[in-house]
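final.csv (CSV, C-alpha atoms)
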```csv
chain,number,residue,atom,x,y,z
A,1353,MET,CA,66.5,129.5,119.7
A,1354,GLU,CA,64.4,132.0,121.5
A,1355,SER,CA,65.8,133.2,124.8
A,1356,ARG,CA,63.9,134.3,127.9
A,1357,LEU,CA,64.9,136.0,131.2
A,1358,LEU,CA,65.3,133.5,134.0
A,1359,GLY,CA,63.7,135.5,136.8
A,1360,ARG,CA,65.9,137.1,139.3
A,1361,THR,CA,69.1,135.4,138.0
A,1362,GLY,CA,69.2,138.1,135.4
A,1363,ARG,CA,70.3,135.6,132.9
A,1364,GLN,CA,68.9,134.9,129.4
A,1365,VAL,CA,68.5,131.2,128.6
A,1366,GLY,CA,67.2,129.3,125.6
A,1367,VAL,CA,63.6,128.5,126.1
A,1368,ILE,CA,64.4,124.7,125.8
A,1369,GLY,CA,67.0,123.5,128.2
A,1370,MET,CA,67.9,120.0,129.3
A,1371,GLY,CA,67.1,118.1,132.4
A,1372,CYS,CA,70.0,115.9,133.4
A,1373,TRP,CA,68.4,113.4,135.7
A,1374,GLN,CA,68.6,110.7,133.0
A,1375,LEU,CA,72.4,111.0,132.9
A,1376,GLY,CA,72.7,110.2,136.5
A,1377,ALA,CA,70.3,107.4,137.4
A,1378,ASP,CA,66.8,106.2,137.6
A,1379,TRP,CA,66.1,106.0,133.8
A,1380,GLY,CA,68.1,102.9,132.9
A,1381,ALA,CA,71.8,102.8,132.1
A,1382,VAL,CA,73.4,105.6,130.1
A,1383,SER,CA,77.1,105.3,129.3
A,1384,GLU,CA,79.5,108.1,130.0
A,1385,GLN,CA,80.2,108.4,126.3
A,1386,ASP,CA,76.5,108.6,125.4
A,1387,ALA,CA,75.8,111.1,128.2
A,1388,LEU,CA,78.5,113.5,127.1
A,1389,ALA,CA,77.5,113.2,123.5
A,1390,THR,CA,73.9,114.0,124.5
A,1391,LEU,CA,75.0,117.1,126.5
A,1392,HIS,CA,77.1,118.4,123.6
A,1393,ALA,CA,74.3,117.8,121.1
A,1394,ALA,CA,71.8,119.7,123.3
A,1395,VAL,CA,74.2,122.7,123.6
A,1396,ASP,CA,74.9,122.6,119.8
A,1397,ALA,CA,71.2,122.6,119.2
A,1398,GLY,CA,70.7,125.8,121.3
A,1399,ALA,CA,70.2,124.7,124.8
A,1400,SER,CA,71.9,127.0,127.2
A,1401,PHE,CA,70.3,125.9,130.5
A,1402,LEU,CA,71.2,122.6,132.1
A,1403,ASP,CA,69.4,121.3,135.2
A,1404,THR,CA,71.0,118.7,137.5
A,1405,ALA,CA,71.1,117.7,141.2
A,1406,ASP,CA,73.5,116.3,143.7
A,1407,VAL,CA,71.5,113.1,144.1
A,1408,TYR,CA,71.3,112.2,140.4
A,1409,GLY,CA,73.5,109.1,140.4
A,1410,ASP,CA,75.0,110.3,143.7
A,1411,GLY,CA,76.8,113.1,141.9
A,1412,ARG,CA,77.3,111.4,138.5
A,1413,SER,CA,75.1,113.8,136.7
A,1414,GLU,CA,76.9,116.8,138.1
A,1415,GLU,CA,80.2,115.4,137.3
A,1416,LEU,CA,79.2,114.8,133.7
A,1417,VAL,CA,77.9,118.4,133.3
A,1418,GLY,CA,81.3,119.5,134.8
A,1419,ARG,CA,83.0,117.5,132.1
A,1420,LEU,CA,81.0,119.3,129.5
A,1421,LEU,CA,81.9,122.7,131.0
A,1422,LEU,CA,85.6,121.7,131.0
A,1423,GLU,CA,85.4,120.6,127.4
A,1424,ARG,CA,83.5,123.5,126.0
A,1425,GLY,CA,84.8,126.4,128.2
A,1426,ASP,CA,82.6,129.5,128.6
A,1427,VAL,CA,79.9,129.1,126.1
A,1428,GLY,CA,77.2,131.1,127.8
A,1429,LEU,CA,75.7,128.2,129.7
A,1430,THR,CA,73.7,128.5,132.9
A,1431,VAL,CA,73.9,125.4,135.1
A,1432,ALA,CA,71.4,124.8,137.9
A,1433,THR,CA,71.8,122.2,140.5
A,1434,LYS,CA,69.8,121.2,143.5
A,1435,MET,CA,70.4,120.2,147.1
A,1436,GLY,CA,68.5,118.8,150.0
A,1437,ARG,CA,67.5,115.3,149.0
A,1438,ARG,CA,70.7,114.0,150.6
A,1439,ALA,CA,69.1,114.7,154.0
A,1440,ASP,CA,68.6,111.4,155.8
A,1441,PRO,CA,66.1,111.5,157.3
A,1442,HIS,CA,64.4,113.9,154.9
A,1443,VAL,CA,62.7,116.0,157.6
A,1444,PRO,CA,62.3,119.8,158.2
A,1445,GLU,CA,64.9,119.7,161.0
A,1446,ALA,CA,67.6,118.8,158.5
A,1447,PHE,CA,67.3,122.3,157.0
A,1448,THR,CA,67.2,124.4,160.2
A,1449,GLY,CA,69.5,125.1,163.1
A,1450,ARG,CA,73.2,125.7,163.3
A,1451,ALA,CA,74.1,122.2,162.2
A,1452,ALA,CA,71.8,122.5,159.2
A,1453,GLY,CA,73.5,125.6,158.0
A,1454,LYS,CA,76.8,123.7,158.1
A,1455,THR,CA,75.1,120.8,156.2
A,1456,LEU,CA,73.7,123.1,153.5
A,1457,ARG,CA,77.2,124.5,152.9
A,1458,ALA,CA,78.7,121.0,152.8
A,1459,TRP,CA,76.2,120.0,150.1
A,1460,ASN,CA,77.0,123.2,148.3
A,1461,ASP,CA,80.8,122.5,148.4
A,1462,ARG,CA,80.2,119.0,147.1
A,1463,SER,CA,78.3,120.3,144.1
A,1464,ARG,CA,80.9,122.9,143.4
A,1465,ARG,CA,83.6,120.2,143.3
A,1466,ASN,CA,81.4,117.9,141.1
A,1467,LEU,CA,80.8,120.7,138.6
A,1468,GLY,CA,84.3,122.1,138.8
A,1469,VAL,CA,83.3,125.7,139.5
A,1470,ASP,CA,83.9,128.1,142.3
A,1471,THR,CA,80.4,129.7,142.2
A,1472,LEU,CA,77.3,127.9,141.2
A,1473,ASP,CA,74.9,129.7,138.8
A,1474,LEU,CA,71.7,128.6,140.5
A,1475,VAL,CA,71.1,126.3,143.4
A,1476,GLN,CA,67.5,125.0,144.1
A,1477,LEU,CA,66.2,123.4,147.3
A,1478,HIS,CA,65.2,120.0,146.0
A,1479,CYS,CA,61.6,119.4,146.9
A,1480,PRO,CA,62.2,119.8,150.7
A,1481,PRO,CA,59.5,119.0,153.3
A,1482,THR,CA,56.7,121.5,153.1
A,1483,PRO,CA,57.4,123.3,156.4
A,1484,VAL,CA,60.8,124.4,155.0
A,1485,TYR,CA,59.1,126.9,152.7
A,1486,SER,CA,57.9,128.8,155.8
A,1487,SER,CA,61.3,128.9,157.5
A,1488,ASP,CA,62.9,132.4,157.6
A,1489,GLU,CA,66.0,130.7,158.9
A,1490,VAL,CA,66.4,128.6,155.8
A,1491,PHE,CA,66.1,131.5,153.4
A,1492,ASP,CA,68.4,133.6,155.6
A,1493,THR,CA,71.0,130.9,155.2
A,1494,LEU,CA,70.5,130.9,151.4
A,1495,ASP,CA,70.9,134.7,151.3
A,1496,ALA,CA,74.1,134.3,153.3
A,1497,MET,CA,75.5,131.7,151.0
A,1498,VAL,CA,74.9,134.0,148.0
A,1499,GLU,CA,76.8,136.7,149.9
A,1500,GLU,CA,79.6,134.3,150.5
A,1501,GLY,CA,80.0,133.7,146.8
A,1502,ARG,CA,79.0,130.1,146.9
A,1503,MET,CA,76.2,130.6,144.4
A,1504,ARG,CA,74.9,133.5,142.3
A,1505,ALA,CA,71.2,132.9,143.0
A,1506,TYR,CA,68.9,130.4,144.6
A,1507,GLY,CA,65.5,128.9,143.8
A,1508,VAL,CA,63.3,126.0,144.8
A,1509,SER,CA,62.0,122.8,143.1
A,1510,VAL,CA,58.6,122.0,144.4
A,1511,GLU,CA,56.0,119.3,144.3
A,1512,THR,CA,52.8,121.3,144.9
A,1513,CYS,CA,51.3,124.6,143.8
A,1514,GLU,CA,50.9,125.6,147.4
A,1515,GLU,CA,54.7,125.2,148.0
A,1516,ALA,CA,55.4,127.2,144.9
A,1517,LEU,CA,53.2,130.1,146.1
A,1518,ALA,CA,54.9,130.1,149.5
A,1519,ALA,CA,58.3,130.2,147.9
A,1520,ILE,CA,57.4,132.9,145.4
A,1521,ALA,CA,56.6,135.2,148.3
A,1522,ARG,CA,60.3,135.1,149.4
A,1523,PRO,CA,61.9,138.4,148.3
A,1524,HIS,CA,65.2,137.0,146.9
A,1525,LEU,CA,63.9,133.9,145.3
A,1526,ALA,CA,65.2,133.7,141.7
A,1527,SER,CA,63.2,130.8,140.3
A,1528,VAL,CA,60.7,128.1,141.0
A,1529,GLN,CA,60.8,124.7,139.3
A,1530,ILE,CA,57.5,122.8,139.0
A,1531,ILE,CA,55.9,120.0,137.0
A,1532,LEU,CA,54.1,121.5,134.1
A,1533,ASN,CA,52.8,119.7,131.0
A,1534,ALA,CA,49.5,119.1,129.1
A,1535,PHE,CA,48.7,116.5,131.8
A,1536,ARG,CA,49.6,118.7,134.8
A,1537,ARG,CA,47.8,122.1,134.2
A,1538,LYS,CA,47.1,123.3,137.7
A,1539,PRO,CA,50.1,125.7,137.9
A,1540,LEU,CA,48.5,127.8,135.2
A,1541,GLU,CA,45.8,128.9,137.6
A,1542,GLN,CA,47.9,130.7,140.3
A,1543,VAL,CA,51.6,129.8,140.2
A,1544,LEU,CA,52.5,131.2,136.8
A,1545,PRO,CA,50.7,134.5,137.3
A,1546,ALA,CA,52.2,134.9,140.8
A,1547,ALA,CA,55.7,134.1,139.5
A,1548,ALA,CA,55.4,136.6,136.7
A,1549,ALA,CA,54.1,139.3,139.1
A,1550,ALA,CA,57.0,138.7,141.4
A,1551,GLY,CA,59.7,138.5,138.7
A,1552,VAL,CA,60.4,134.9,139.6
A,1553,GLY,CA,61.5,132.6,136.8
A,1554,VAL,CA,59.6,129.4,136.0
A,1555,ILE,CA,61.4,126.2,135.2
A,1556,ALA,CA,59.0,123.6,133.8
A,1557,ARG,CA,60.0,120.1,134.5
A,1558,VAL,CA,58.6,116.7,133.5
A,1559,PRO,CA,57.2,118.3,130.3
A,1560,LEU,CA,56.6,115.0,128.6
A,1561,ALA,CA,55.1,113.3,131.6
A,1562,SER,CA,58.1,110.8,131.8
A,1563,GLY,CA,57.7,110.1,128.0
A,1564,LEU,CA,54.0,109.6,128.0
A,1565,LEU,CA,53.4,112.7,125.8
A,1566,ALA,CA,55.8,111.4,123.2
A,1567,GLY,CA,53.0,109.1,122.2
A,1568,LYS,CA,55.2,106.1,121.7
A,1569,TYR,CA,54.1,103.9,124.6
A,1570,THR,CA,51.4,101.2,124.6
A,1571,GLU,CA,49.7,99.6,127.5
A,1572,SER,CA,52.2,96.7,127.3
A,1573,THR,CA,55.3,98.9,127.3
A,1574,THR,CA,57.8,97.9,130.0
A,1575,PHE,CA,60.9,99.6,131.4
A,1576,ALA,CA,64.1,98.5,133.0
A,1577,ALA,CA,64.1,97.4,136.6
A,1578,ASP,CA,66.3,100.4,137.6
A,1579,ASP,CA,64.0,102.9,135.8
A,1580,HIS,CA,61.6,104.8,138.1
A,1581,ARG,CA,58.9,104.2,135.6
A,1582,THR,CA,59.0,100.6,136.8
A,1583,TYR,CA,59.7,101.0,140.5
A,1584,ASN,CA,57.9,104.3,141.5
A,1585,ARG,CA,54.5,104.0,139.8
A,1586,SER,CA,52.8,104.1,143.2
A,1587,GLY,CA,55.3,106.5,144.9
A,1588,GLU,CA,57.4,103.7,146.4
A,1589,ALA,CA,60.7,105.7,146.2
A,1590,PHE,CA,59.6,109.3,146.0
A,1591,ASP,CA,56.6,111.5,145.1
A,1592,VAL,CA,54.5,109.6,142.6
A,1593,GLY,CA,53.9,112.9,140.7
A,1594,GLU,CA,57.5,112.6,139.4
A,1595,THR,CA,56.6,109.4,137.5
A,1596,PHE,CA,54.3,109.9,134.5
A,1597,ALA,CA,53.3,113.2,136.2
A,1598,GLY,CA,51.2,111.1,138.6
A,1599,VAL,CA,48.9,109.9,135.8
A,1600,PRO,CA,48.1,106.1,135.9
A,1601,PHE,CA,50.1,104.6,133.1
A,1602,GLU,CA,47.3,103.1,131.1
A,1603,VAL,CA,45.2,106.2,131.4
A,1604,GLY,CA,48.1,108.3,130.2
A,1605,VAL,CA,48.8,106.0,127.2
A,1606,ALA,CA,45.2,106.3,126.0
A,1607,ALA,CA,45.2,110.1,126.5
A,1608,ALA,CA,48.5,110.4,124.7
A,1609,ARG,CA,47.1,108.8,121.6
A,1610,GLU,CA,44.6,111.6,121.4
A,1611,VAL,CA,47.3,114.2,121.9
A,1612,SER,CA,49.4,112.6,119.2
A,1613,ALA,CA,46.5,113.0,116.7
A,1614,LEU,CA,46.8,116.8,117.1
A,1615,THR,CA,50.4,117.0,116.0
A,1616,PRO,CA,51.0,119.3,113.1
A,1617,PRO,CA,52.7,117.9,110.0
A,1618,GLY,CA,56.4,117.7,110.1
A,1619,PHE,CA,56.7,117.6,113.9
A,1620,SER,CA,56.5,115.0,116.6
A,1621,ALA,CA,54.0,114.5,119.4
A,1622,ALA,CA,56.8,115.3,121.9
A,1623,GLN,CA,57.5,118.5,120.1
A,1624,LEU,CA,53.8,119.4,120.2
A,1625,ALA,CA,53.8,118.8,124.0
A,1626,LEU,CA,57.0,120.9,124.5
A,1627,ARG,CA,55.5,123.7,122.4
A,1628,TRP,CA,52.4,123.7,124.7
A,1629,VAL,CA,54.7,124.4,127.7
A,1630,ILE,CA,56.6,127.1,125.9
A,1631,ASP,CA,53.4,128.9,125.0
A,1632,GLN,CA,52.3,129.2,128.6
A,1633,PRO,CA,52.8,132.8,129.8
A,1634,GLY,CA,55.4,133.1,132.5
A,1635,VAL,CA,57.5,130.0,131.6
A,1636,SER,CA,61.2,130.8,131.4
A,1637,VAL,CA,62.6,127.5,130.3
A,1638,VAL,CA,61.4,123.9,129.8
A,1639,ILE,CA,63.8,121.1,130.7
A,1640,PRO,CA,63.0,117.8,128.9
A,1641,GLY,CA,65.5,115.0,129.5
A,1642,ALA,CA,67.4,113.2,126.9
A,1643,ARG,CA,69.3,110.0,126.8
A,1644,SER,CA,70.8,110.3,123.2
A,1645,PRO,CA,72.0,113.1,120.9
A,1646,GLU,CA,69.0,112.4,118.7
A,1647,GLN,CA,66.6,113.0,121.5
A,1648,ALA,CA,68.4,116.2,122.5
A,1649,ARG,CA,68.2,117.6,119.0
A,1650,ALA,CA,64.5,116.6,118.6
A,1651,ASN,CA,63.7,118.4,121.9
A,1652,ALA,CA,65.4,121.6,120.7
A,1653,GLY,CA,63.4,121.3,117.5
A,1654,ALA,CA,60.2,122.0,119.5
A,1655,ALA,CA,61.2,125.7,119.4
A,1656,ASP,CA,60.5,125.6,115.7
A,1657,VAL,CA,56.9,124.5,116.1
A,1658,PRO,CA,54.6,127.4,115.5
A,1659,PRO,CA,52.6,128.6,118.5
A,1660,LEU,CA,49.6,126.3,118.9
A,1661,ASP,CA,46.3,127.6,117.5
A,1662,ALA,CA,43.1,128.0,119.5
A,1663,ALA,CA,41.6,124.8,118.2
A,1664,THR,CA,44.6,122.7,119.3
A,1665,LEU,CA,44.7,124.4,122.7
A,1666,SER,CA,41.0,123.7,123.2
A,1667,ALA,CA,41.4,120.1,122.1
A,1668,LEU,CA,44.3,119.6,124.6
A,1669,GLU,CA,42.2,121.1,127.4
A,1670,ALA,CA,39.3,118.8,126.6
A,1671,ILE,CA,41.5,115.7,126.7
A,1672,TYR,CA,42.8,116.9,130.1
A,1673,ASP,CA,39.3,117.5,131.5
A,1674,ARG,CA,37.9,114.2,130.2
A,1675,ARG,CA,40.7,111.8,130.9
A,1676,ILE,CA,43.3,113.3,133.3
A,1677,ARG,CA,41.9,116.0,135.6
A,1678,GLY,CA,40.3,113.6,138.0
A,1679,HIS,CA,43.5,111.8,138.6
A,1680,VAL,CA,45.9,114.7,139.3
A,1681,HIS,CA,44.4,118.1,139.6
A,1682,ASP,CA,43.6,118.2,143.3
A,1683,ARG,CA,46.7,116.3,144.4
A,1684,TRP,CA,49.4,118.8,143.6
```

Whole structure given in structure tokens:
Amino acid sequence: MESRLLGRTGRQVGVIGMGCWQLGADWGAVSEQDALATLHAAVDAGASFLDTADVYGDGRSEELVGRLLLERGDVGLTVATKMGRRADPHVPEAFTGRAAGKTLRAWNDRSRRNLGVDTLDLVQLHCPPTPVYSSDEVFDTLDAMVEEGRMRAYGVSVETCEEALAAIARPHLASVQIILNAFRRKPLEQVLPAAAAAGVGVIARVPLASGLLAGKYTESTTFAADDHRTYNRSGEAFDVGETFAGVPFEVGVAAAREVSALTPPGFSAAQLALRWVIDQPGVSVVIPGARSPEQARANAGAADVPPLDAATLSALEAIYDRRIRGHVHDRW
């Protein structure tokens, strides 16, 4: 698999990694056996970047990734986790002040225990309140935590392009994680160029718009009660942009049919959608989720799709402009 530099981490990672939210919670039940088999399959297929968070299953996802590290040893993996969503209430004051510095370190210690490592490869602020990106105090604390050997580098996971641009301006930021897919194109305008100019890595999440771009759903498709695609369609639990990339479900299903029609022979619609993300200048790694070894292997196979030709790119842009833009472009 092609490798790319992940910003200021200095690490090379396979262009298709794996998002591990599904292995923790919020996507329906995944057994421990299936989760570990999926992780192993992803790594066997070339994924060398795994993205998790301390709140995915209240630490379950981190613990499973830690099991993988224990079972495989040093195989050149880079593991990124996130912190900040444990704050209750989730307000800017939770990230500032003397007590907040202690809290950030406590979250960090918990992740290190869950993953079974002394030093975390990459820690990302997990979509914190917008004012946090303007806080020198927060980023000074993160710098100090790197110096303390708690983590090798830090980044941010953001909801909006404006938050991404504020973070990219920070001199020691290693990476920015943002929703980027054929239904969420706004980061192409400013975020990706700014990140490239600053030497900041771009981690593209929700690349399949919560499965919409796999082209397998119909307007009547339903999901489990404990799946965020059921309970967060209007942003009831967290930012609605995390569910179907903020696209109304029926709108996305119809648009995805048109995307599927563009798929080259021998590949899947999901692989086409992942290839689109890979082709965007400045993207370091894309992190589709997977709930089975078969899905993990299929995701990795997107690296074998030839770069999309001009006609396909134009058709994808036209679908976005006609069906999707009005629902999402000005929101994030």

Which of these residues is nearest to Gln1632 in chain A, using only C-alpha atoms: A:Ala1548, A:Leu1391, A:Val1528, A:Leu1416?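 The closest residue to Gln1632 in chain A is A:Ala1548.
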
To one decimal place in Å, what is the distance between CA of Ala1505 in chain A and CA of Asp1410 in chain A?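 Going from CA of Ala1505 in chain A over to CA of Asp1410 in chain A, I get 22.9 Å.
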
Please, which residues are within 12 Å of (54.8, 108.7, 139.4) by the file's coordinates, counting only C-alpha atoms, and could they come as a ChimeraX atom specification? /A:1511,1531,1558,1561-1564,1579-1601,1604,1679-1680

Kindly save the residues from that selection, with C-alpha atoms included, as a PDB file, in the coordinates of the input.
```pdb
ATOM      1  CA  GLU A1511      56.000 119.300 144.300  1.00  0.00           C
ATOM      2  CA  ILE A1531      55.900 120.000 137.000  1.00  0.00           C
ATOM      3  CA  VAL A1558      58.600 116.700 133.500  1.00  0.00           C
ATOM      4  CA  ALA A1561      55.100 113.300 131.600  1.00  0.00           C
ATOM      5  CA  SER A1562      58.100 110.800 131.800  1.00  0.00           C
ATOM      6  CA  GLY A1563      57.700 110.100 128.000  1.00  0.00           C
ATOM      7  CA  LEU A1564      54.000 109.600 128.000  1.00  0.00           C
ATOM      8  CA  ASP A1579      64.000 102.900 135.800  1.00  0.00           C
ATOM      9  CA  HIS A1580      61.600 104.800 138.100  1.00  0.00           C
ATOM     10  CA  ARG A1581      58.900 104.200 135.600  1.00  0.00           C
ATOM     11  CA  THR A1582      59.000 100.600 136.800  1.00  0.00           C
ATOM     12  CA  TYR A1583      59.700 101.000 140.500  1.00  0.00           C
ATOM     13  CA  ASN A1584      57.900 104.300 141.500  1.00  0.00           C
ATOM     14  CA  ARG A1585      54.500 104.000 139.800  1.00  0.00           C
ATOM     15  CA  SER A1586      52.800 104.100 143.200  1.00  0.00           C
ATOM     16  CA  GLY A1587      55.300 106.500 144.900  1.00  0.00           C
ATOM     17  CA  GLU A1588      57.400 103.700 146.400  1.00  0.00           C
ATOM     18  CA  ALA A1589      60.700 105.700 146.200  1.00  0.00           C
ATOM     19  CA  PHE A1590      59.600 109.300 146.000  1.00  0.00           C
ATOM     20  CA  ASP A1591      56.600 111.500 145.100  1.00  0.00           C
ATOM     21  CA  VAL A1592      54.500 109.600 142.600  1.00  0.00           C
ATOM     22  CA  GLY A1593      53.900 112.900 140.700  1.00  0.00           C
ATOM     23  CA  GLU A1594      57.500 112.600 139.400  1.00  0.00           C
ATOM     24  CA  THR A1595      56.600 109.400 137.500  1.00  0.00           C
ATOM     25  CA  PHE A1596      54.300 109.900 134.500  1.00  0.00           C
ATOM     26  CA  ALA A1597      53.300 113.200 136.200  1.00  0.00           C
ATOM     27  CA  GLY A1598      51.200 111.100 138.600  1.00  0.00           C
ATOM     28  CA  VAL A1599      48.900 109.900 135.800  1.00  0.00           C
ATOM     29  CA  PRO A1600      48.100 106.100 135.900  1.00  0.00           C
ATOM     30  CA  PHE A1601      50.100 104.600 133.100  1.00  0.00           C
ATOM     31  CA  GLY A1604      48.100 108.300 130.200  1.00  0.00           C
ATOM     32  CA  HIS A1679      43.500 111.800 138.600  1.00  0.00           C
ATOM     33  CA  VAL A1680      45.900 114.700 139.300  1.00  0.00           C
TER      34      VAL A1680
END
```

Out of A:Asn1466, A:Ser1636, A:Asn1460, A:Ser1644, which residue has the shortest atom-to-atom distance to Arg1412 in chain A when counting only C-alpha atoms? A:Asn1466

If you measure from CA of Gln1476 in chain A to CA of Gly1653 in chain A, what distance in Å do you get, rounded to one decimal? 27.2 Å

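Take the candidates A:Phe1575, A:Tyr1408, A:Trp1684, A:Phe1619 and check each one against Leu1532 in chain A using all atoms listed in the file; the shortest distance goes to A:Trp1684.
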
Using only C-alpha atoms, determine which residues lie at most 10 Å from Gly1376 in chain A, disregarding the query and same-chain residues fewer than 5 positions distant; provide the list as a list in words.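 Returned residues: Ala1381, Val1382, Ser1383, Glu1384, Ala1387, Thr1404, Ala1405, Asp1406, Val1407, Tyr1408, Gly1409, Asp1410, Gly1411, Arg1412, Ser1413, Glu1414, Glu1415 and Leu1416 of chain A.
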
Using all atoms listed in the file and a cutoff of 10 Å, can you tell me which residues are near (50.3, 133.1, 141.9) in the file's coordinates, and write them out as number ranges by chain? A: 1513-1514, 1516-1518, 1520-1521, 1539-1550

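Excluding Gly1428 in chain A itself and same-chain residues fewer than 4 positions from it, the residues having an atom within 12 Å of it are Ser1355, Arg1363, Gln1364, Val1365, Gly1366, Val1395, Asp1396, Gly1398, Ala1399, Ser1400, Phe1401, Leu1402, Leu1421, Arg1424 and Asp1473 of chain A, counting all atoms listed in the file.
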
Polymer residues at most 9 Å from range 1658-1664 of chain A, only C-alpha atoms, same-chain spacing of 2 or more positions, as a VMD selection string: chain A and resid 1614 to 1615 1624 1627 to 1628 1630 to 1631 1654 to 1656 1666 to 1669
